[in-house]
>>> print(open('query-v6.csv').read())   # CSV, C-alpha atoms
chain,number,residue,atom,x,y,z
A,259,LEU,CA,119.9,11.9,-160.0
A,260,VAL,CA,118.2,9.7,-157.3
A,261,GLY,CA,121.4,7.8,-157.0
A,262,ILE,CA,123.4,10.9,-156.4
A,263,ILE,CA,120.9,12.1,-153.7
A,264,GLY,CA,120.9,8.7,-152.1
A,265,PHE,CA,124.8,8.7,-152.0
A,266,PHE,CA,124.7,11.7,-149.6
A,267,VAL,CA,121.3,10.9,-147.9
A,268,PRO,CA,120.9,7.1,-147.9
A,269,GLN,CA,117.6,7.4,-145.9
A,270,VAL,CA,115.9,8.4,-149.1
A,271,PHE,CA,116.3,4.9,-150.5
A,272,GLY,CA,113.8,2.1,-150.0
A,273,VAL,CA,110.4,2.4,-148.3
A,274,GLY,CA,111.7,4.4,-145.4
A,275,TYR,CA,110.0,2.7,-142.5
A,276,GLU,CA,113.1,2.9,-140.3
A,277,SER,CA,113.2,6.7,-140.7
A,278,ILE,CA,109.5,6.9,-140.1
A,279,SER,CA,109.9,4.9,-136.9
A,280,ALA,CA,112.7,7.1,-135.7
A,281,ALA,CA,110.5,10.2,-136.3
A,282,LEU,CA,107.6,8.6,-134.4
A,283,PHE,CA,109.8,7.9,-131.4
A,284,SER,CA,111.4,11.4,-131.6
A,285,GLU,CA,114.9,9.8,-132.2
A,286,THR,CA,115.9,12.1,-135.0
A,287,ALA,CA,116.9,15.8,-134.8
A,288,TRP,CA,114.6,18.2,-136.4
A,289,GLN,CA,117.3,19.4,-138.8
A,290,VAL,CA,117.7,15.9,-140.2
A,291,LEU,CA,113.9,15.6,-140.5
A,292,ALA,CA,113.8,18.9,-142.5
A,293,VAL,CA,116.5,17.7,-144.9
A,294,LEU,CA,114.7,14.4,-145.4
A,295,ILE,CA,111.5,16.2,-146.3
A,296,VAL,CA,113.1,18.0,-149.2
A,297,VAL,CA,115.2,15.2,-150.5
A,298,LYS,CA,112.3,12.7,-150.4
A,299,ILE,CA,110.1,15.1,-152.4
A,300,VAL,CA,112.8,15.6,-155.0
A,301,ALA,CA,113.6,11.9,-155.2
A,302,THR,CA,110.0,10.9,-155.5
A,303,SER,CA,109.3,13.6,-158.1
A,304,LEU,CA,112.3,12.5,-160.2
A,305,THR,CA,111.2,8.8,-160.0
A,306,LEU,CA,107.5,9.3,-160.9
A,307,GLY,CA,108.1,12.2,-163.3
A,308,SER,CA,110.5,10.1,-165.4
A,309,GLY,CA,108.1,7.3,-165.7
A,310,GLY,CA,109.4,5.1,-163.0
A,311,SER,CA,107.4,3.3,-160.3
A,312,GLY,CA,108.3,4.6,-156.9
A,313,GLY,CA,105.0,4.2,-155.2
A,314,VAL,CA,102.8,6.8,-153.6
A,315,PHE,CA,101.6,5.4,-150.3
A,316,ALA,CA,104.9,5.0,-148.5
A,317,PRO,CA,106.5,8.2,-149.8
A,318,ALA,CA,103.4,10.1,-148.6
A,319,LEU,CA,103.7,8.6,-145.1
A,320,PHE,CA,107.5,9.3,-145.1
A,321,MET,CA,107.0,13.0,-146.0
A,322,GLY,CA,104.1,13.4,-143.6
A,323,ALA,CA,106.1,11.8,-140.7
A,324,MET,CA,109.1,14.1,-141.4
A,325,LEU,CA,107.0,17.2,-141.7
A,326,GLY,CA,105.0,16.4,-138.6
A,327,GLY,CA,108.1,15.6,-136.7
A,328,VAL,CA,109.7,19.0,-137.5
A,329,PHE,CA,106.5,20.7,-136.4
A,330,GLY,CA,106.4,18.6,-133.3
A,331,HIS,CA,109.9,19.5,-132.3
A,332,PHE,CA,109.0,23.1,-132.7
A,333,VAL,CA,105.9,23.1,-130.5
A,334,VAL,CA,107.6,21.0,-127.8
A,335,GLU,CA,110.5,23.4,-127.7
A,336,PHE,CA,108.2,26.4,-127.1
A,337,TRP,CA,105.3,24.8,-125.2
A,338,PRO,CA,106.9,21.7,-123.5
A,339,GLY,CA,104.2,21.3,-120.8
A,340,ALA,CA,101.1,21.7,-123.0
A,341,THR,CA,101.8,19.5,-126.0
A,342,ALA,CA,102.2,15.9,-126.8
A,343,PRO,CA,105.6,14.4,-127.8
A,344,ALA,CA,107.0,15.2,-131.2
A,345,GLY,CA,106.3,11.7,-132.4
A,346,ALA,CA,102.5,12.3,-132.0
A,347,TYR,CA,102.7,15.1,-134.5
A,348,ALA,CA,104.7,12.9,-136.9
A,349,LEU,CA,101.9,10.4,-136.7
A,350,VAL,CA,99.2,13.0,-137.5
A,351,GLY,CA,101.4,14.4,-140.2
A,352,MET,CA,101.5,11.0,-141.9
A,353,ALA,CA,97.7,10.8,-142.0
A,354,ALA,CA,97.3,14.4,-143.2
A,355,VAL,CA,99.8,14.2,-146.1
A,356,PHE,CA,98.5,10.8,-147.3
A,357,SER,CA,94.9,12.0,-147.1
A,358,ALA,CA,95.6,15.1,-149.0
A,359,SER,CA,97.5,13.4,-151.8
A,360,ALA,CA,95.1,10.4,-152.2
A,361,ARG,CA,91.9,12.2,-151.2
A,362,ALA,CA,91.2,9.4,-148.8
A,363,PRO,CA,90.4,10.9,-145.4
A,364,ILE,CA,88.6,7.9,-144.0
A,365,THR,CA,91.3,5.5,-145.1
A,366,ALA,CA,94.0,7.7,-143.5
A,367,VAL,CA,92.1,7.9,-140.2
A,368,ILE,CA,91.5,4.2,-140.0
A,369,ILE,CA,95.0,3.2,-140.9
A,370,LEU,CA,96.7,5.5,-138.4
A,371,PHE,CA,94.3,4.8,-135.7
A,372,GLU,CA,95.0,1.0,-136.1
A,373,MET,CA,98.7,1.8,-135.9
A,374,THR,CA,98.3,3.5,-132.5
A,375,ARG,CA,95.2,1.9,-130.9
A,376,ASN,CA,95.1,5.1,-128.9
A,377,TYR,CA,91.7,6.8,-128.9
A,378,GLU,CA,93.2,10.1,-127.5
A,379,ILE,CA,94.8,10.9,-130.8
A,380,ILE,CA,91.6,10.4,-132.9
A,381,LEU,CA,90.4,14.0,-132.6
A,382,PRO,CA,93.6,15.8,-133.7
A,383,LEU,CA,93.9,13.0,-136.3
A,384,MET,CA,90.5,13.7,-137.8
A,385,PHE,CA,90.9,17.4,-137.7
A,386,ALA,CA,94.3,17.4,-139.5
A,387,VAL,CA,93.0,15.0,-142.1
A,388,ALA,CA,89.9,17.0,-142.8
A,389,VAL,CA,91.8,20.3,-143.1
A,390,SER,CA,94.5,18.8,-145.3
A,391,THR,CA,92.0,17.1,-147.7
A,392,ILE,CA,89.9,20.3,-148.1
A,393,PHE,CA,93.0,22.4,-148.6
A,394,ALA,CA,94.4,20.0,-151.2
A,395,SER,CA,91.1,20.0,-153.1
A,396,PHE,CA,91.3,23.7,-153.5
A,397,LEU,CA,94.9,23.5,-154.7
A,398,HIS,CA,94.3,20.8,-157.3
A,399,LYS,CA,91.1,18.9,-158.3
A,400,ASP,CA,92.9,15.6,-158.9
A,401,SER,CA,94.4,13.2,-156.4
A,402,ILE,CA,97.9,11.6,-157.0
A,403,TYR,CA,96.1,8.6,-158.5
A,404,SER,CA,93.5,10.3,-160.7
A,405,ILE,CA,96.0,12.8,-162.1
A,406,LYS,CA,97.6,9.9,-164.0
A,407,LEU,CA,94.3,9.0,-165.5
A,408,ARG,CA,93.6,12.6,-166.6
A,409,SER,CA,97.0,12.7,-168.3
A,410,ARG,CA,95.8,9.8,-170.4
A,411,GLY,CA,92.6,11.6,-171.3
A,412,ILE,CA,90.4,9.8,-168.8
A,413,ASP,CA,88.1,12.2,-166.8
A,414,LEU,CA,86.4,10.5,-163.9
A,415,ASP,CA,84.2,13.5,-163.3
A,416,ARG,CA,82.7,13.5,-166.7
A,417,ARG,CA,79.5,11.5,-166.7
A,418,LYS,CA,78.1,11.8,-170.2
A,419,ASP,CA,76.0,8.7,-169.7
A,420,ARG,CA,74.1,10.3,-166.8
A,421,GLY,CA,73.6,13.5,-168.7
A,422,ALA,CA,72.2,11.6,-171.7
A,423,LEU,CA,69.6,9.8,-169.5
A,424,THR,CA,67.9,13.1,-168.9
A,425,ASP,CA,66.9,13.1,-172.6
A,426,ILE,CA,65.0,9.8,-172.2
A,427,THR,CA,61.5,10.2,-170.8
A,428,VAL,CA,59.5,7.7,-168.8
A,429,ALA,CA,57.0,7.6,-171.6
A,430,GLN,CA,59.7,6.3,-173.9
A,431,ALA,CA,60.9,3.6,-171.6
A,432,MET,CA,57.7,2.4,-169.9
A,433,LYS,CA,55.4,-0.4,-170.9
A,434,PRO,CA,52.1,1.2,-171.8
A,435,VAL,CA,48.9,0.1,-170.0
A,436,GLU,CA,47.5,-1.5,-173.1
A,437,LYS,CA,50.3,-4.1,-172.9
A,438,LEU,CA,50.0,-4.6,-169.1
A,439,THR,CA,48.3,-7.3,-167.2
A,440,THR,CA,46.3,-5.6,-164.4
A,441,VAL,CA,44.3,-7.2,-161.6
A,442,SER,CA,41.1,-6.3,-159.8
A,443,PRO,CA,41.1,-5.5,-156.1
A,444,ASP,CA,38.4,-8.1,-155.6
A,445,LEU,CA,40.5,-10.9,-157.2
A,446,PRO,CA,40.8,-13.9,-154.7
A,447,LEU,CA,44.3,-14.7,-153.5
A,448,THR,CA,44.1,-18.2,-154.9
A,449,ASP,CA,43.6,-16.7,-158.4
A,450,MET,CA,46.4,-14.2,-157.7
A,451,ALA,CA,48.8,-17.0,-156.7
A,452,ARG,CA,47.9,-18.8,-159.9
A,453,LEU,CA,48.6,-15.7,-162.0
A,454,PHE,CA,52.0,-15.2,-160.3
A,455,LYS,CA,52.9,-18.9,-161.1
A,456,ASP,CA,51.7,-18.7,-164.8
A,457,SER,CA,53.2,-15.3,-165.7
A,458,PHE,CA,56.5,-15.4,-163.8
A,459,HIS,CA,56.0,-11.7,-163.0
A,460,HIS,CA,56.8,-10.4,-159.6
A,461,GLY,CA,54.3,-7.6,-159.4
A,462,PHE,CA,51.0,-6.3,-160.9
A,463,ALA,CA,49.1,-3.0,-160.9
A,464,VAL,CA,45.8,-3.2,-159.1
A,465,VAL,CA,43.1,-1.3,-161.0
A,466,ASP,CA,39.5,-0.8,-159.9
A,467,ASP,CA,36.3,-1.0,-162.0
A,468,HIS,CA,36.7,2.7,-163.0
A,469,GLY,CA,40.2,2.2,-164.4
A,470,ASP,CA,41.8,4.1,-161.5
A,471,LEU,CA,45.0,2.9,-159.9
A,472,PHE,CA,44.2,1.1,-156.6
A,473,GLY,CA,47.6,-0.1,-155.6
A,474,ILE,CA,50.4,-2.5,-156.3
A,475,VAL,CA,50.5,-6.2,-155.4
A,476,THR,CA,53.8,-8.1,-155.4
A,477,LEU,CA,54.9,-11.7,-154.9
A,478,ASP,CA,56.4,-10.6,-151.6
A,479,ASP,CA,52.9,-9.4,-150.5
A,480,LEU,CA,51.4,-12.8,-151.3
A,481,HIS,CA,54.2,-14.6,-149.4
A,482,LYS,CA,53.6,-12.5,-146.3
A,483,SER,CA,49.8,-13.1,-146.5
A,484,LEU,CA,50.4,-16.9,-146.6
A,485,ARG,CA,52.1,-16.7,-143.2
A,486,THR,CA,48.9,-15.4,-141.5
A,487,PRO,CA,46.6,-18.0,-139.8
A,488,SER,CA,43.8,-17.6,-142.3
A,489,VAL,CA,43.8,-16.5,-145.9
A,490,GLU,CA,40.5,-18.0,-146.8
A,491,GLY,CA,38.2,-15.4,-148.4
A,492,LYS,CA,40.9,-12.8,-148.7
A,493,LYS,CA,41.3,-10.7,-151.8
A,494,VAL,CA,44.0,-8.7,-153.4
A,495,ARG,CA,42.7,-5.5,-151.8
A,496,ASP,CA,43.6,-7.0,-148.4
A,497,ILE,CA,47.3,-7.5,-149.2
A,498,CYS,CA,48.2,-4.9,-151.9
A,499,ALA,CA,50.1,-1.7,-151.1
A,500,ARG,CA,47.9,1.4,-151.3
A,501,ARG,CA,50.5,4.1,-150.5
A,502,ILE,CA,52.8,3.9,-153.5
A,503,VAL,CA,55.2,6.2,-155.3
A,504,THR,CA,54.3,7.0,-158.9
A,505,ALA,CA,56.0,8.6,-161.9
A,506,TYR,CA,54.8,10.8,-164.7
A,507,PRO,CA,55.4,10.2,-168.4
A,508,GLU,CA,57.2,13.5,-168.9
A,509,GLU,CA,59.8,12.8,-166.2
A,510,SER,CA,63.3,11.7,-167.2
A,511,ILE,CA,64.8,8.3,-166.5
A,512,GLN,CA,67.5,9.9,-164.5
A,513,ASP,CA,65.0,11.5,-162.1
A,514,VAL,CA,63.2,8.2,-161.6
A,515,LEU,CA,66.5,6.3,-161.0
A,516,ALA,CA,66.8,8.0,-157.6
A,517,THR,CA,63.4,6.7,-156.6
A,518,PHE,CA,64.3,3.1,-157.6
A,519,GLY,CA,67.4,3.3,-155.4
A,520,ALA,CA,65.8,4.9,-152.4
A,521,LEU,CA,62.7,2.6,-152.3
A,522,ASP,CA,64.4,-0.6,-153.5
A,523,VAL,CA,61.4,-1.5,-155.7
A,524,GLY,CA,61.3,-3.3,-159.0
A,525,ARG,CA,58.5,-1.3,-160.7
A,526,ILE,CA,56.9,2.1,-160.5
A,527,PRO,CA,53.4,2.8,-161.8
A,528,VAL,CA,53.2,5.7,-164.3
A,529,VAL,CA,50.1,7.9,-164.0
A,530,ASP,CA,48.8,10.9,-165.9
A,531,SER,CA,50.1,14.1,-164.4
A,532,LYS,CA,46.7,15.7,-164.8
A,533,HIS,CA,44.8,12.7,-163.5
A,534,PRO,CA,47.0,11.2,-160.8
A,535,LYS,CA,44.8,8.1,-160.4
A,536,LYS,CA,44.8,7.2,-164.1
A,537,LEU,CA,47.3,4.5,-164.9
A,538,VAL,CA,49.1,4.9,-168.2
A,539,GLY,CA,51.9,2.4,-167.9
A,540,MET,CA,54.5,0.6,-165.7
A,541,LEU,CA,58.2,1.5,-165.5
A,542,ARG,CA,60.2,-1.5,-164.4
A,543,TRP,CA,63.8,-1.7,-163.3
A,544,SER,CA,64.6,-3.6,-166.5
A,545,ASP,CA,63.2,-0.8,-168.5
A,546,THR,CA,65.7,1.7,-167.0
A,547,VAL,CA,68.6,-0.7,-167.5
A,548,ARG,CA,67.6,-1.1,-171.1
A,549,SER,CA,67.4,2.7,-171.5
A,550,TYR,CA,70.9,3.0,-169.9
A,551,SER,CA,72.2,0.3,-172.3
A,552,GLN,CA,70.8,2.2,-175.2
A,553,VAL,CA,72.5,5.4,-174.0
A,554,MET,CA,75.8,3.7,-173.6
A,555,LEU,CA,75.5,2.2,-177.1
A,556,ASN,CA,74.7,5.7,-178.5
A,557,LEU,CA,77.8,7.1,-176.7
A,558,GLU,CA,79.8,4.3,-178.2
A,559,TYR,CA,78.8,5.3,-181.7
A,560,GLU,CA,79.4,9.0,-180.8
A,561,ALA,CA,82.9,8.1,-179.7
A,562,GLY,CA,83.6,6.5,-183.1
A,563,THR,CA,83.8,2.9,-181.9
A,564,THR,CA,81.9,-0.3,-182.6
A,565,LEU,CA,81.4,-3.3,-180.5
A,566,LEU,CA,81.8,-6.5,-182.6
A,567,ARG,CA,80.7,-10.0,-181.8
A,568,CYS,CA,82.8,-12.4,-183.8
A,569,ASP,CA,82.1,-16.2,-183.8
A,570,ILE,CA,85.0,-18.5,-184.7
A,571,THR,CA,84.5,-21.8,-186.4
A,572,ALA,CA,87.1,-24.5,-187.2
A,573,THR,CA,87.5,-23.3,-190.8
A,574,ASP,CA,88.2,-19.7,-189.9
A,575,ALA,CA,91.7,-18.3,-190.2
A,576,ALA,CA,91.8,-17.2,-186.6
A,577,ALA,CA,91.2,-20.8,-185.2
A,578,GLY,CA,94.4,-22.2,-183.6
A,579,LYS,CA,96.3,-18.9,-183.6
A,580,SER,CA,97.2,-16.8,-180.7
A,581,LEU,CA,95.9,-13.2,-180.4
A,582,ARG,CA,99.4,-11.9,-180.9
A,583,GLU,CA,99.5,-13.7,-184.3
A,584,LEU,CA,96.3,-12.1,-185.6
A,585,ALA,CA,96.7,-9.0,-187.7
A,586,LEU,CA,94.2,-7.0,-185.8
A,587,PRO,CA,94.3,-3.2,-186.3
A,588,GLU,CA,96.1,-1.2,-183.7
A,589,ASP,CA,92.9,0.8,-182.9
A,590,SER,CA,91.1,-2.3,-181.8
A,591,VAL,CA,91.1,-4.4,-178.6
A,592,VAL,CA,89.8,-7.9,-177.7
A,593,ASN,CA,87.5,-7.2,-174.8
A,594,GLN,CA,86.7,-10.8,-173.8
A,595,ILE,CA,86.5,-14.3,-175.2
A,596,GLN,CA,83.4,-16.4,-174.5
A,597,ARG,CA,84.3,-20.1,-174.5
A,598,GLY,CA,81.3,-22.2,-173.8
A,599,LYS,CA,80.0,-21.2,-170.4
A,600,HIS,CA,83.3,-19.6,-169.4
A,601,LEU,CA,84.8,-16.2,-170.0
A,602,VAL,CA,88.5,-16.2,-171.0
A,603,VAL,CA,90.6,-13.1,-170.2
A,604,PRO,CA,92.3,-12.3,-173.5
A,605,ARG,CA,96.1,-12.2,-173.5
A,606,GLY,CA,98.7,-12.1,-176.2
A,607,ASP,CA,99.4,-15.8,-176.0
A,608,THR,CA,95.7,-16.8,-175.7
A,609,ILE,CA,94.9,-19.4,-178.4
A,610,VAL,CA,91.7,-18.8,-180.3
A,611,GLN,CA,89.7,-22.1,-180.4
A,612,PRO,CA,86.8,-23.1,-182.6
A,613,GLY,CA,83.5,-22.2,-181.0
A,614,ASP,CA,85.0,-19.1,-179.3
A,615,THR,CA,83.1,-15.8,-179.5
A,616,LEU,CA,85.4,-12.8,-179.5
A,617,VAL,CA,84.0,-9.4,-178.3
A,618,ILE,CA,86.1,-6.7,-180.0
A,619,LEU,CA,86.0,-3.0,-179.6
A,620,ALA,CA,87.1,-1.4,-182.8
A,621,SER,CA,87.1,2.1,-184.3
A,622,THR,CA,84.3,2.8,-186.8
A,623,GLY,CA,85.5,1.8,-190.2
A,624,SER,CA,88.1,-0.7,-189.1
A,625,ASP,CA,85.6,-3.6,-188.8
A,626,ASP,CA,86.4,-4.8,-192.2
A,627,VAL,CA,90.1,-5.1,-191.2
A,628,VAL,CA,89.1,-7.1,-188.1
A,629,CYS,CA,87.0,-9.4,-190.3
A,630,GLN,CA,89.9,-9.9,-192.7
A,631,ALA,CA,92.2,-10.8,-189.8
A,632,LEU,CA,89.8,-13.3,-188.3
A,633,TYR,CA,88.2,-14.8,-191.4
A,634,GLN,CA,90.4,-13.9,-194.3
A,635,GLY,CA,87.3,-12.7,-196.1
A,636,ALA,CA,83.7,-11.8,-195.5
A,637,CYS,CA,82.7,-11.0,-192.0
A,638,GLY,CA,80.4,-13.3,-190.1
A,639,ARG,CA,79.9,-11.0,-187.2
A,640,SER,CA,77.2,-8.7,-185.9
A,641,VAL,CA,77.1,-5.8,-183.5
A,642,LEU,CA,76.3,-7.0,-180.0
A,643,PRO,CA,72.5,-6.7,-179.6
A,644,LEU,CA,70.8,-5.2,-176.6
A,645,GLN,CA,68.9,-7.8,-174.6
A,646,ASP,CA,65.1,-7.3,-174.1
A,647,SER,CA,63.4,-9.3,-171.4
A,648,ASP,CA,60.0,-9.0,-169.7
A,649,GLN,CA,61.2,-10.9,-166.6
>>> encode(input="query-v6.csv", output="structure tokens")
Amino acid sequence: LVGIIGFFVPQVFGVGYESISAALFSETAWQVLAVLIVVKIVATSLTLGSGGSGGVFAPALFMGAMLGGVFGHFVVEFWPGATAPAGAYALVGMAAVFSASARAPITAVIILFEMTRNYEIILPLMFAVAVSTIFASFLHKDSIYSIKLRSRGIDLDRRKDRGALTDITVAQAMKPVEKLTTVSPDLPLTDMARLFKDSFHHGFAVVDDHGDLFGIVTLDDLHKSLRTPSVEGKKVRDICARRIVTAYPEESIQDVLATFGALDVGRIPVVDSKHPKKLVGMLRWSDTVRSYSQVMLNLEYEAGTTLLRCDITATDAAAGKSLRELALPEDSVVNQIQRGKHLVVPRGDTIVQPGDTLVILASTGSDDVVCQALYQGACGRSVLPLQDSDQ
């Protein structure tokens, strides 16, 4: 069908930059431009709808240039002294159609502005792009790119992992005060420096004699104090931060994540909501990452999949074979291959070598089939563990 269309309208073939250029320089009659709009839409729809690869970027520019050119010829015909040339409307139309189809207004503005290097066109360009993007979002929630993912069952707007983080409280993720190393405000800086060196921690809670939270001292605070002319006789109270943001045990991890991002801190003291000065624990960035990892692992199990870590030795059946030769189940995928200190991107012709560690995502219940394919017997694998670190 595309061939038949192209037989009568050859401009529909190829990228179409020559036709776009003609529209920009007002070298094409509006009747021809109107025909090219229709046939390009039909040809692109036939190509993409039948599973072919016809591109999206260039066709959007083509349709936008033709549509803008037709509109430009119309306004020039009726208001010749008060409008720009028809080619200017073709240029704005290119940006508007691409922005609407790709939901990329900033990209459209930048690309078209770089094409013209003319600042006078920036205002109508931005206005048309904004209107087209807003209007397109009301017509359809997906862009031309994300609609392909949705057809495969991938929803970019669904964030189950973030929703699940609301179920984890700070009290569940934090390190309780009983397991914390706290320092006194009157601790000399020499002792503080020694503690930083011996513990490898980057921050400590400062607690006074009454057990109340006095502040937070970090390694960065110590480094800044060493730049001053004299540090002799100074104590922790002289360098620690007194105005600090705290969290409550009953808050969710998702709420505290916003605080981490806004303040760019590595730890947040957790205090009793009824007694804001009473320290009950410390929530570190690593604690939130660990909680997130746990949520993702739980979602993995909810989805009916298991992440397997499979170590290969020289005596295993998989050693020396390509991934294509292994009888892995169809509902499994080799995610990566760890080979020494390097990661190998798995491909069908990748040869499994002794000492490799395969990370395989498999459906729950098919792990025995995976083990049989790799080891021809009992499975010597384990589910990937979550890493726990105090650093």
>>> residues_around(input="query-v6.csv", residues="Val475 of chain A", least_positions_apart="5", cutoff="6 Å", atoms="all atoms listed in the file", output="PyMOL selection string")
chain A and resi 461-462+498
>>> closest_residue(input="query-v6.csv", among="A:Ser621, A:Ala499, A:Pro587, A:Asp607", to="Ile474 of chain A", atoms="all atoms listed in the file")
A:Ala499
>>> residues_around(input="query-v6.csv", residues="segment 393-408 of chain A", least_positions_apart="5", cutoff="7 Å", atoms="only C-alpha atoms", output="PyMOL selection string")
chain A and resi 358-361+413
>>> closest_residue(input="query-v6.csv", among="A:Leu616, A:Ile263, A:Ala323, A:Leu383", to="Ile295 of chain A", atoms="all atoms listed in the file")
A:Ala323
>>> residues_around(input="query-v6.csv", residues="segment 338-347 of chain A", least_positions_apart="4", cutoff="8 Å", atoms="all atoms listed in the file", output="MDAnalysis selection string")
chainID A and resid 281:284 323 326:331 333:334 351 379
>>> atom_distance(input="query-v6.csv", atom1="atom CA of Asp470 of chain A", atom2="atom CA of Ala429 of chain A")
18.6 Å
>>> residues_around(input="query-v6.csv", residues="Gln611 of chain A", least_positions_apart="4", cutoff="12 Å", atoms="all atoms listed in the file", output="number ranges by chain")
A: 569-581, 595-598, 602, 615-616, 632
>>> closest_residue(input="query-v6.csv", among="A:Val389, A:Leu584, A:Ile364, A:Leu438", to="Ile609 of chain A", atoms="all atoms listed in the file")
A:Leu584
>>> atom_distance(input="query-v6.csv", atom1="atom CA of Asp625 of chain A", atom2="atom CA of Ser590 of chain A")
9.0 Å
>>> atom_distance(input="query-v6.csv", atom1="atom CA of Lys599 of chain A", atom2="atom CA of Lys455 of chain A")
28.7 Å
>>> residues_around(input="query-v6.csv", residues="segment 441-444 of chain A", least_positions_apart="5", cutoff="9 Å", atoms="only C-alpha atoms", output="list in words")
Met450, Phe462, Ala463, Val464, Val465, Asp466, Asp467, Phe472, Gly473, Val475, Lys492, Lys493, Val494, Arg495, Asp496 and Cys498 of chain A
>>> closest_residue(input="query-v6.csv", among="A:Phe458, A:Tyr506, A:Phe371, A:Trp337", to="Gly539 of chain A", atoms="all atoms listed in the file")
A:Tyr506
>>> closest_residue(input="query-v6.csv", among="A:Ser277, A:Thr622, A:Thr476, A:Gln512", to="Thr427 of chain A", atoms="all atoms listed in the file")
A:Gln512
>>> residues_near_point(input="query-v6.csv", point="(60.7, -0.6, -161.8)", cutoff="10 Å", atoms="all atoms listed in the file", output="JSON, numbers by chain")
{"A": [432, 461, 514, 515, 517, 518, 522, 523, 524, 525, 526, 527, 540, 541, 542, 543, 544, 545, 546, 547]}
>>> closest_residue(input="query-v6.csv", among="A:Val529, A:Ala451, A:Val503, A:Leu291", to="Gly469 of chain A", atoms="all atoms listed in the file")
A:Val529
>>> decode(input="query-v6.csv", residues="segment 440-453 of chain A", atoms="N, CA and C atoms", output="short mmCIF file (atom, residue, chain, number, x, y, z; two decimals), in the first residue's frame")
data_model
loop_
_atom_site.label_atom_id
_atom_site.label_comp_id
_atom_site.auth_asym_id
_atom_site.auth_seq_id
_atom_site.Cartn_x
_atom_site.Cartn_y
_atom_site.Cartn_z
N THR A 440 27.41 7.74 70.02
CA THR A 440 27.16 9.17 70.14
C THR A 440 28.35 9.85 70.81
N VAL A 441 28.44 11.14 70.61
CA VAL A 441 29.56 11.90 71.19
C VAL A 441 29.01 13.03 72.04
N SER A 442 29.83 13.48 72.96
CA SER A 442 29.46 14.57 73.85
C SER A 442 29.82 15.91 73.21
N PRO A 443 29.08 16.97 73.52
CA PRO A 443 29.44 18.29 72.99
C PRO A 443 30.80 18.77 73.46
N ASP A 444 31.26 18.25 74.61
CA ASP A 444 32.53 18.70 75.18
C ASP A 444 33.71 17.84 74.76
N LEU A 445 33.51 16.95 73.78
CA LEU A 445 34.61 16.11 73.31
C LEU A 445 35.61 16.96 72.53
N PRO A 446 36.90 16.89 72.87
CA PRO A 446 37.89 17.68 72.12
C PRO A 446 37.97 17.23 70.66
N LEU A 447 38.36 18.15 69.80
CA LEU A 447 38.42 17.85 68.37
C LEU A 447 39.48 16.81 68.05
N THR A 448 40.53 16.75 68.85
CA THR A 448 41.56 15.73 68.61
C THR A 448 40.98 14.33 68.80
N ASP A 449 40.17 14.17 69.86
CA ASP A 449 39.51 12.88 70.09
C ASP A 449 38.46 12.61 69.02
N MET A 450 37.80 13.68 68.56
CA MET A 450 36.80 13.51 67.52
C MET A 450 37.45 13.03 66.23
N ALA A 451 38.60 13.60 65.90
CA ALA A 451 39.31 13.18 64.69
C ALA A 451 39.75 11.73 64.79
N ARG A 452 40.17 11.32 65.98
CA ARG A 452 40.59 9.94 66.17
C ARG A 452 39.40 8.98 66.01
N LEU A 453 38.24 9.41 66.49
CA LEU A 453 37.04 8.57 66.37
C LEU A 453 36.63 8.42 64.91
#
